[in-house]
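Structure file my_file_28.cif with mmCIF, C-alpha atoms:
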```cif
data_my_file
loop_
_atom_site.label_atom_id
_atom_site.label_comp_id
_atom_site.auth_asym_id
_atom_site.auth_seq_id
_atom_site.Cartn_x
_atom_site.Cartn_y
_atom_site.Cartn_z
CA MET A 1 -24.59 3.35 16.55
CA ALA A 2 -25.72 5.33 13.54
CA ASP A 3 -27.18 8.01 15.82
CA ALA A 4 -24.21 8.21 18.19
CA ALA A 5 -22.09 11.33 18.31
CA PRO A 6 -18.71 10.90 16.58
CA GLY A 7 -15.86 10.31 18.99
CA PRO A 8 -12.81 8.15 19.83
CA GLY A 9 -14.92 5.02 20.08
CA LEU A 10 -16.17 5.35 16.52
CA ALA A 11 -12.66 6.19 15.36
CA ALA A 12 -11.45 2.92 16.85
CA GLU A 13 -14.36 1.04 15.28
CA ALA A 14 -13.45 2.33 11.84
CA MET A 15 -9.95 0.95 12.18
CA VAL A 16 -10.22 -2.27 14.16
CA ALA A 17 -12.52 -5.20 13.43
CA PRO A 18 -14.96 -6.08 16.22
CA ARG A 19 -14.28 -9.24 18.18
CA GLY A 20 -16.18 -12.15 16.77
CA GLY A 21 -17.55 -10.08 13.91
CA SER A 22 -16.67 -9.47 10.31
CA PRO A 23 -16.05 -5.96 8.98
CA GLY A 24 -16.52 -7.15 5.40
CA LEU A 25 -18.61 -4.60 3.60
CA GLY A 26 -20.08 -7.19 1.33
CA GLU A 27 -21.53 -9.13 4.30
CA GLY A 28 -22.89 -6.61 6.82
CA ALA A 29 -23.59 -3.01 7.69
CA TRP A 30 -20.98 -2.64 10.43
CA SER A 31 -18.14 -1.29 8.31
CA ARG A 32 -20.43 0.65 6.02
CA ARG A 33 -21.75 2.54 9.03
CA ALA A 34 -18.28 3.10 10.50
CA LEU A 35 -16.93 4.34 7.17
CA ALA A 36 -19.92 6.64 6.71
CA VAL A 37 -19.29 8.22 10.12
CA GLN A 38 -15.56 8.52 9.39
CA LEU A 39 -16.33 10.18 6.07
CA ALA A 40 -18.74 12.64 7.69
CA VAL A 41 -16.30 13.58 10.45
CA GLY A 42 -13.46 14.00 7.95
CA ARG A 43 -15.62 16.19 5.72
CA LEU A 44 -16.51 18.45 8.65
CA ALA A 45 -12.85 18.76 9.65
CA ALA A 46 -11.52 19.16 6.10
CA PRO A 47 -11.77 23.01 5.99
CA ALA A 48 -9.26 23.04 8.86
CA TRP A 49 -6.83 20.20 8.18
CA VAL A 50 -6.60 20.19 4.38
CA PRO A 51 -5.39 23.83 4.05
CA LEU A 52 -3.04 23.32 7.02
CA ALA A 53 -1.48 20.29 5.35
CA VAL A 54 -0.96 22.20 2.10
CA LEU A 55 0.48 25.23 3.93
CA LEU A 56 2.91 22.95 5.74
CA MET A 57 4.08 21.39 2.48
CA ARG A 58 4.29 24.66 0.56
CA PHE A 59 5.76 26.99 3.18
CA GLY A 60 7.02 24.73 5.96
CA PHE A 61 8.97 22.32 3.73
CA ARG A 62 9.04 24.73 0.75
CA TRP A 63 7.96 21.99 -1.66
CA ARG A 64 6.57 22.83 -5.05
CA ILE A 65 4.87 20.76 -7.76
CA ARG A 66 5.83 21.55 -11.32
CA ASP A 67 2.87 22.11 -13.70
CA ALA A 68 0.29 20.94 -11.18
CA ALA A 69 -2.45 22.59 -13.23
CA SER A 70 -2.13 19.91 -15.92
CA SER A 71 -2.54 16.93 -13.57
CA ARG A 72 -5.37 18.68 -11.73
CA ASP A 73 -7.21 19.25 -14.98
CA VAL A 74 -6.93 15.55 -15.85
CA TYR A 75 -8.15 14.57 -12.40
CA THR A 76 -11.07 17.01 -12.44
CA ARG A 77 -12.31 15.55 -15.73
CA LEU A 78 -12.04 12.01 -14.32
CA LEU A 79 -14.08 12.96 -11.25
CA ALA A 80 -16.88 14.21 -13.48
CA ASP A 81 -17.56 10.52 -14.25
CA ARG A 82 -18.85 8.52 -11.28
CA LYS A 83 -17.25 5.25 -12.40
CA PRO A 84 -14.92 3.72 -9.78
CA LEU A 85 -11.44 5.26 -9.80
CA LEU A 86 -8.27 3.78 -8.32
CA VAL A 87 -5.09 5.87 -8.19
CA VAL A 88 -1.82 3.90 -8.19
CA ALA A 89 1.61 5.45 -7.79
CA ASN A 90 5.31 4.87 -7.23
CA HIS A 91 6.44 5.08 -3.63
CA LEU A 92 9.63 6.73 -2.38
CA THR A 93 8.78 8.70 0.78
CA MET A 94 6.39 8.56 3.73
CA VAL A 95 4.48 11.63 2.51
CA ASP A 96 3.83 10.49 -1.07
CA SER A 97 0.08 10.23 -0.41
CA ALA A 98 -0.11 13.87 0.68
CA LEU A 99 2.02 15.07 -2.23
CA ILE A 100 -0.04 13.12 -4.76
CA ALA A 101 -3.29 14.49 -3.34
CA TRP A 102 -1.84 17.99 -3.57
CA GLY A 103 -0.70 17.36 -7.13
CA LEU A 104 -4.19 16.20 -8.13
CA GLY A 105 -6.13 19.00 -6.47
CA SER A 106 -5.77 22.27 -4.60
CA ALA A 107 -6.70 22.63 -0.94
CA LEU A 108 -9.86 24.50 -1.87
CA GLY A 109 -10.72 21.93 -4.54
CA HIS A 110 -10.45 19.00 -2.11
CA VAL A 111 -12.49 20.78 0.56
CA TRP A 112 -15.19 21.66 -1.96
CA ARG A 113 -15.24 18.23 -3.62
CA TYR A 114 -14.23 16.04 -0.72
CA ARG A 115 -14.76 12.75 -2.55
CA GLY A 116 -11.84 13.65 -4.80
CA LEU A 117 -9.42 13.51 -1.87
CA PRO A 118 -8.16 9.91 -2.10
CA TRP A 119 -8.47 7.34 0.66
CA ASN A 120 -5.13 5.93 1.80
CA VAL A 121 -4.07 2.49 3.03
CA PRO A 122 -1.35 2.97 5.68
CA GLU A 123 0.28 0.17 7.66
CA GLN A 124 -1.88 -0.63 10.67
CA SER A 125 0.99 -0.89 13.18
CA ARG A 126 2.03 2.68 12.42
CA VAL A 127 -1.51 3.97 12.84
CA GLU A 128 -1.89 2.16 16.17
CA SER A 129 1.45 3.43 17.52
CA SER A 130 -0.14 6.48 19.19
CA TRP A 131 -3.46 8.24 19.72
CA LEU A 132 -2.25 11.10 17.50
CA TRP A 133 -1.64 8.79 14.54
CA ARG A 134 -5.06 7.22 15.11
CA LEU A 135 -6.73 10.64 15.07
CA LEU A 136 -4.87 11.81 11.96
CA ALA A 137 -5.57 8.58 10.10
CA TYR A 138 -9.24 8.83 11.01
CA LEU A 139 -9.57 12.41 9.77
CA MET A 140 -7.41 11.93 6.68
CA LYS A 141 -9.43 9.18 5.00
CA CYS A 142 -7.31 6.16 5.92
CA VAL A 143 -8.20 2.47 6.01
CA PRO A 144 -5.23 0.77 7.73
CA VAL A 145 -4.06 -2.65 6.61
CA PRO A 146 -1.76 -5.02 8.56
CA ARG A 147 1.54 -5.74 6.86
CA SER A 148 1.73 -9.45 6.03
CA GLY A 149 -1.63 -9.82 7.74
CA GLU A 150 -3.96 -12.80 7.64
CA ARG A 151 -5.63 -13.26 4.27
CA LEU A 152 -9.10 -12.84 5.78
CA VAL A 153 -8.21 -9.51 7.41
CA VAL A 154 -6.62 -8.18 4.21
CA ALA A 155 -9.66 -9.35 2.24
CA GLN A 156 -11.91 -7.41 4.62
CA VAL A 157 -9.85 -4.26 4.08
CA LEU A 158 -10.13 -4.73 0.33
CA GLU A 159 -13.90 -5.11 0.70
CA ARG A 160 -14.01 -1.74 2.44
CA LEU A 161 -11.96 -0.11 -0.29
CA GLY A 162 -14.13 -1.66 -2.98
CA HIS A 163 -17.25 -0.35 -1.26
CA LEU A 164 -15.76 3.15 -1.14
CA MET A 165 -14.88 3.07 -4.84
CA ARG A 166 -18.34 1.85 -5.82
CA SER A 167 -19.76 4.72 -3.76
CA GLY A 168 -17.85 7.31 -5.80
CA GLU A 169 -14.84 7.72 -3.52
CA VAL A 170 -11.27 7.52 -4.84
CA VAL A 171 -8.66 5.15 -3.38
CA LEU A 172 -4.88 5.56 -3.61
CA MET A 173 -2.60 2.53 -3.41
CA PHE A 174 1.06 1.73 -4.05
CA PRO A 175 1.27 -1.43 -6.18
CA GLU A 176 4.88 -2.14 -5.18
CA GLY A 177 3.63 -2.74 -1.63
CA GLY A 178 6.12 -0.36 0.02
CA ARG A 179 8.79 2.23 -0.56
CA SER A 180 11.24 1.20 -3.28
CA ARG A 181 14.64 0.57 -1.66
CA SER A 182 16.39 0.99 -5.00
CA GLY A 183 14.76 4.32 -5.80
CA GLN A 184 13.38 2.79 -9.00
CA ILE A 185 10.17 0.94 -9.85
CA ASP A 186 10.55 -2.71 -8.83
CA THR A 187 8.56 -4.72 -11.37
CA GLU A 188 9.07 -7.89 -9.31
CA SER A 189 7.48 -6.44 -6.19
CA LEU A 190 3.72 -6.66 -6.57
CA ALA A 191 0.90 -5.94 -4.13
CA HIS A 192 -1.76 -8.40 -5.27
CA GLY A 193 -4.42 -6.39 -3.44
CA VAL A 194 -4.22 -3.75 -6.16
CA GLY A 195 -4.93 -6.36 -8.81
CA ARG A 196 -7.75 -7.85 -6.76
CA LEU A 197 -9.47 -4.46 -6.46
CA ILE A 198 -9.21 -3.90 -10.20
CA LYS A 199 -10.58 -7.38 -10.83
CA GLU A 200 -13.51 -7.19 -8.41
CA VAL A 201 -14.68 -3.60 -8.85
CA ARG A 202 -16.67 -3.45 -12.06
CA ASP A 203 -15.72 -0.72 -14.58
CA CYS A 204 -12.69 0.20 -12.47
CA ARG A 205 -10.55 2.91 -14.01
CA VAL A 206 -6.91 3.18 -12.95
CA LEU A 207 -5.01 6.46 -12.87
CA CYS A 208 -1.27 5.81 -12.79
CA VAL A 209 0.65 8.63 -11.12
CA TYR A 210 4.42 9.01 -11.23
CA LEU A 211 5.76 11.54 -8.73
CA ARG A 212 9.40 12.37 -8.07
CA GLY A 213 11.36 15.23 -6.58
CA ASP A 214 14.34 16.64 -8.45
CA ALA A 215 16.60 15.80 -5.50
CA GLN A 216 15.13 12.34 -4.84
CA ARG A 217 17.70 9.69 -5.73
CA THR A 218 16.47 6.83 -3.56
CA TRP A 219 13.90 6.19 -0.82
CA SER A 220 13.68 8.36 2.29
CA ASN A 221 11.30 9.33 5.07
CA LEU A 222 10.84 12.87 3.74
CA PRO A 223 11.80 14.60 0.50
CA ALA A 224 14.51 17.25 0.67
CA ALA A 225 13.35 20.65 1.91
CA GLY A 226 12.78 23.02 -1.00
CA ASP A 227 12.47 20.21 -3.54
CA THR A 228 10.41 20.58 -6.72
CA PHE A 229 8.34 17.62 -7.90
CA THR A 230 7.37 16.38 -11.33
CA ILE A 231 4.01 14.63 -11.55
CA ALA A 232 2.81 12.61 -14.55
CA THR A 233 -0.52 10.82 -15.02
CA ARG A 234 -1.76 8.04 -17.29
CA LEU A 235 -5.28 6.61 -17.36
CA VAL A 236 -5.43 2.85 -18.03
CA GLU A 237 -8.03 0.10 -17.81
CA PRO A 238 -6.16 -3.18 -17.17
CA ARG A 239 -7.88 -6.39 -18.15
CA SER A 240 -6.96 -10.05 -17.68
CA SER A 241 -8.30 -13.32 -19.07
CA LEU A 242 -6.87 -15.22 -16.08
CA ARG A 243 -8.72 -16.11 -12.90
CA GLY A 244 -8.17 -16.00 -9.16
CA LEU A 245 -4.76 -15.08 -7.78
CA ARG A 246 -3.16 -15.28 -11.22
CA ALA A 247 -5.54 -12.60 -12.48
CA SER A 248 -4.78 -10.37 -9.49
CA ARG A 249 -1.06 -10.76 -10.08
CA ASP A 250 -1.46 -10.13 -13.81
CA LEU A 251 -3.44 -6.93 -13.26
CA ALA A 252 -0.99 -5.67 -10.64
CA ALA A 253 1.90 -6.43 -13.00
CA GLN A 254 0.23 -4.44 -15.79
CA VAL A 255 -0.13 -1.42 -13.51
CA VAL A 256 3.48 -1.62 -12.31
CA GLY A 257 4.56 -1.98 -15.94
CA HIS A 258 2.83 1.31 -16.78
CA LEU A 259 4.57 3.02 -13.84
CA ALA A 260 7.93 1.63 -14.96
CA ASP A 261 7.29 3.01 -18.45
CA MET A 262 6.42 6.40 -16.96
CA GLU A 263 9.62 6.29 -14.93
CA ARG A 264 11.68 5.68 -18.06
CA ALA A 265 9.96 8.65 -19.69
CA TYR A 266 10.78 10.75 -16.61
CA TRP A 267 14.49 9.98 -16.78
CA ALA A 268 14.56 10.39 -20.56
CA GLY A 269 13.17 13.90 -20.14
CA ARG A 270 15.69 14.95 -17.51
CA PRO A 271 18.39 17.39 -18.66
#
```

Output the structure of this file as structure tokens.
Amino acid sequence: MADAAPGPGLAAEAMVAPRGGSPGLGEGAWSRRALAVQLAVGRLAAPAWVPLAVLLMRFGFRWRIRDAASSRDVYTRLLADRKPLLVVANHLTMVDSALIAWGLGSALGHVWRYRGLPWNVPEQSRVESSWLWRLLAYLMKCVPVPRSGERLVVAQVLERLGHLMRSGEVVLMFPEGGRSRSGQIDTESLAHGVGRLIKEVRDCRVLCVYLRGDAQRTWSNLPAAGDTFTIATRLVEPRSSLRGLRASRDLAAQVVGHLADMERAYWAGRP
């Protein structure tokens, strides 16, 4: 399979576990090979799709990110160190991943240094809803995860993400587990997978990102056309003396606590 030409079959392999087999990266080469092919195909296509995505956001939706140069400078300095990096963020719209990637790097920057474009973890049912979503997810560095999926399947997805981080790739996750229905950080809603990644990936650094449009009052599918976004970053290294699930929950809670603190700072700075 390593010598096969990239195509729809490999795209499906990267997203769906083989029958009777385990995609766990810690146990076999199957997922490593599939991810390597996906990464190579995405890198080849990046000069086309990354600028198009940015042009759509900037001129199609007329979105703008306030003081993006500051967050991009922080991110560039973090990428100079090859230690594992996990980006965590608040979640209000369906395009937050794209906006955050844009806020952390220009189109040219992401094409030139492709590893800095974060991997995303979309809901698997959405990705599998059409061939177009499958293709886009494959090209745009996505590792789908089933919502409320079996623990083994979720663990396998986390193994893939951990492998990517240890290989120098960046992963983006939303520690609240979904879009906030209140429009504010929900400190009671925790995605334990975030904590598990932090716990199991040695020397994991965590970049907290708070992103919000001026017109964004609550959750929505898309931000308002013409909106301007504020982006704030904070580098943290959560640690826990607990073990097992309690440690994962503790680490996730620490991350969400940082995001909640950043949200308070955002509102305090509003005119």

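Closest approach to A:Val74 from the set A:Arg205, A:Leu104, A:Arg217, A:Val157 is made by A:Leu104, with distances taken over all atoms listed in the file.
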
**Report entry** Neighbour list for stretch 139-152 of chain A as number ranges by chain, cut-off 10 Å, all atoms listed in the file, skip fewer than 4 positions in-chain
**Finding:** A: 11, 14-16, 22, 24, 35, 38-46, 49-50, 98, 115, 117-128, 133-135, 156-158, 160-161, 171-172, 177-178

Let's have the selection written as an mmCIF file, in the coordinates of the input, with C-alpha atoms.
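Saved to part_10.cif:
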```cif
data_model
loop_
_atom_site.group_PDB
_atom_site.id
_atom_site.type_symbol
_atom_site.label_atom_id
_atom_site.label_comp_id
_atom_site.auth_asym_id
_atom_site.auth_seq_id
_atom_site.Cartn_x
_atom_site.Cartn_y
_atom_site.Cartn_z
ATOM 1 C CA ALA A 11 -12.660 6.190 15.360
ATOM 2 C CA ALA A 14 -13.450 2.330 11.840
ATOM 3 C CA MET A 15 -9.950 0.950 12.180
ATOM 4 C CA VAL A 16 -10.220 -2.270 14.160
ATOM 5 C CA SER A 22 -16.670 -9.470 10.310
ATOM 6 C CA GLY A 24 -16.520 -7.150 5.400
ATOM 7 C CA LEU A 35 -16.930 4.340 7.170
ATOM 8 C CA GLN A 38 -15.560 8.520 9.390
ATOM 9 C CA LEU A 39 -16.330 10.180 6.070
ATOM 10 C CA ALA A 40 -18.740 12.640 7.690
ATOM 11 C CA VAL A 41 -16.300 13.580 10.450
ATOM 12 C CA GLY A 42 -13.460 14.000 7.950
ATOM 13 C CA ARG A 43 -15.620 16.190 5.720
ATOM 14 C CA LEU A 44 -16.510 18.450 8.650
ATOM 15 C CA ALA A 45 -12.850 18.760 9.650
ATOM 16 C CA ALA A 46 -11.520 19.160 6.100
ATOM 17 C CA TRP A 49 -6.830 20.200 8.180
ATOM 18 C CA VAL A 50 -6.600 20.190 4.380
ATOM 19 C CA ALA A 98 -0.110 13.870 0.680
ATOM 20 C CA ARG A 115 -14.760 12.750 -2.550
ATOM 21 C CA LEU A 117 -9.420 13.510 -1.870
ATOM 22 C CA PRO A 118 -8.160 9.910 -2.100
ATOM 23 C CA TRP A 119 -8.470 7.340 0.660
ATOM 24 C CA ASN A 120 -5.130 5.930 1.800
ATOM 25 C CA VAL A 121 -4.070 2.490 3.030
ATOM 26 C CA PRO A 122 -1.350 2.970 5.680
ATOM 27 C CA GLU A 123 0.280 0.170 7.660
ATOM 28 C CA GLN A 124 -1.880 -0.630 10.670
ATOM 29 C CA SER A 125 0.990 -0.890 13.180
ATOM 30 C CA ARG A 126 2.030 2.680 12.420
ATOM 31 C CA VAL A 127 -1.510 3.970 12.840
ATOM 32 C CA GLU A 128 -1.890 2.160 16.170
ATOM 33 C CA TRP A 133 -1.640 8.790 14.540
ATOM 34 C CA ARG A 134 -5.060 7.220 15.110
ATOM 35 C CA LEU A 135 -6.730 10.640 15.070
ATOM 36 C CA GLN A 156 -11.910 -7.410 4.620
ATOM 37 C CA VAL A 157 -9.850 -4.260 4.080
ATOM 38 C CA LEU A 158 -10.130 -4.730 0.330
ATOM 39 C CA ARG A 160 -14.010 -1.740 2.440
ATOM 40 C CA LEU A 161 -11.960 -0.110 -0.290
ATOM 41 C CA VAL A 171 -8.660 5.150 -3.380
ATOM 42 C CA LEU A 172 -4.880 5.560 -3.610
ATOM 43 C CA GLY A 177 3.630 -2.740 -1.630
ATOM 44 C CA GLY A 178 6.120 -0.360 0.020
#
```

Query - Pick from A:Gly244, A:Gly168, A:Gly257, A:Gly116 nearest to A:Asp186, counting all atoms listed in the file - result: A:Gly257

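Using all atoms listed in the file, the nearest neighbour of A:Ile198 within the list A:Thr218, A:Ser70, A:Gln254, A:Ser130 is A:Gln254.
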
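Between A:Ala224 and the candidates A:Met57, A:Ala101, A:Leu108, A:Ala137, the tightest atom-to-atom separation, counting only C-alpha atoms, involves A:Met57.
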
Report task. Take atom CA of A:Tyr210 and atom CA of A:Gly60 and report the distance between them in Å, one decimal. Result -> 23.4 Å

Query raised in the report: Could you name the residues that touch A:Leu222 at 9 Å or less, counting only C-alpha atoms, but leaving out those on the same chain fewer than 6 positions away, as a list in words?
Result: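 Selected residues are Leu92, Thr93, Met94, Val95 and Asp96 of chain A.
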
Report task. Point out the residue among A:Val170, A:Val111, A:Leu242, A:Val153 with the least atom-to-atom distance to A:Pro51, counting only C-alpha atoms. Result ->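 Among the listed residues, the smallest separation from A:Pro51 belongs to A:Val111.
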
**Report entry** A:Ser189 environment, 10 Å, only C-alpha atoms, sequence neighbours closer than 2 positions dropped, as an NGL selection string
**Finding:** :A and (175-178 or 180 or 185-187 or 191-192 or 252-253 or 256)

**Report entry** Gap from atom CA of A:Phe174 to atom CA of A:Ser97 - Å, one decimal
**Finding:**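 Separation between atom CA of A:Phe174 and atom CA of A:Ser97: 9.3 Å.
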
Report task. Let me know the residues the PyMOL selection byres ((chain A and resi 71) around 8) catches in the file above, as a PyMOL selection string. Result -> chain A and resi 67-70+72-75+103-104+231-233

Only C-alpha atoms, please: the residues just picked out, written as a compact mmCIF listing (two decimals), in the frame of the given file.
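Output file result.txt is given in full below:
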```txt
# COMPACT_ATOMS: atom_id res chain seq x y z
CA ASP A 67 2.87 22.11 -13.70
CA ALA A 68 0.29 20.94 -11.18
CA ALA A 69 -2.45 22.59 -13.23
CA SER A 70 -2.13 19.91 -15.92
CA ARG A 72 -5.37 18.68 -11.73
CA ASP A 73 -7.21 19.25 -14.98
CA VAL A 74 -6.93 15.55 -15.85
CA TYR A 75 -8.15 14.57 -12.40
CA GLY A 103 -0.70 17.36 -7.13
CA LEU A 104 -4.19 16.20 -8.13
CA ILE A 231 4.01 14.63 -11.55
CA ALA A 232 2.81 12.61 -14.55
CA THR A 233 -0.52 10.82 -15.02
```

Query raised in the report: What is the atom CA of A:Arg196-atom CA of A:Asp250 distance in Å, reported with one decimal?
Result: 9.7 Å

Requested in this report: Quick one: apply the PyMOL selection byres ((chain A and resi 228) around 6) to the file and drop the selected residues here as a VMD selection string.
Outcome: chain A and resid 63 to 65 213 to 214 227 229

Query raised in the report: Using only C-alpha atoms, which of A:Phe59, A:Arg243, A:Asp261, A:Cys208 sits nearest A:Ile100?
Result: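 Checking each candidate against A:Ile100, we get A:Cys208 as the closest.
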
Report task. Using all atoms listed in the file, find all polymer residues with an atom at most 12 Å away from the point (-16.2, 1.8, -12.7); report them as a ChimeraX atom specification. Result -> /A:78-79,81-86,162-170,197-206,237
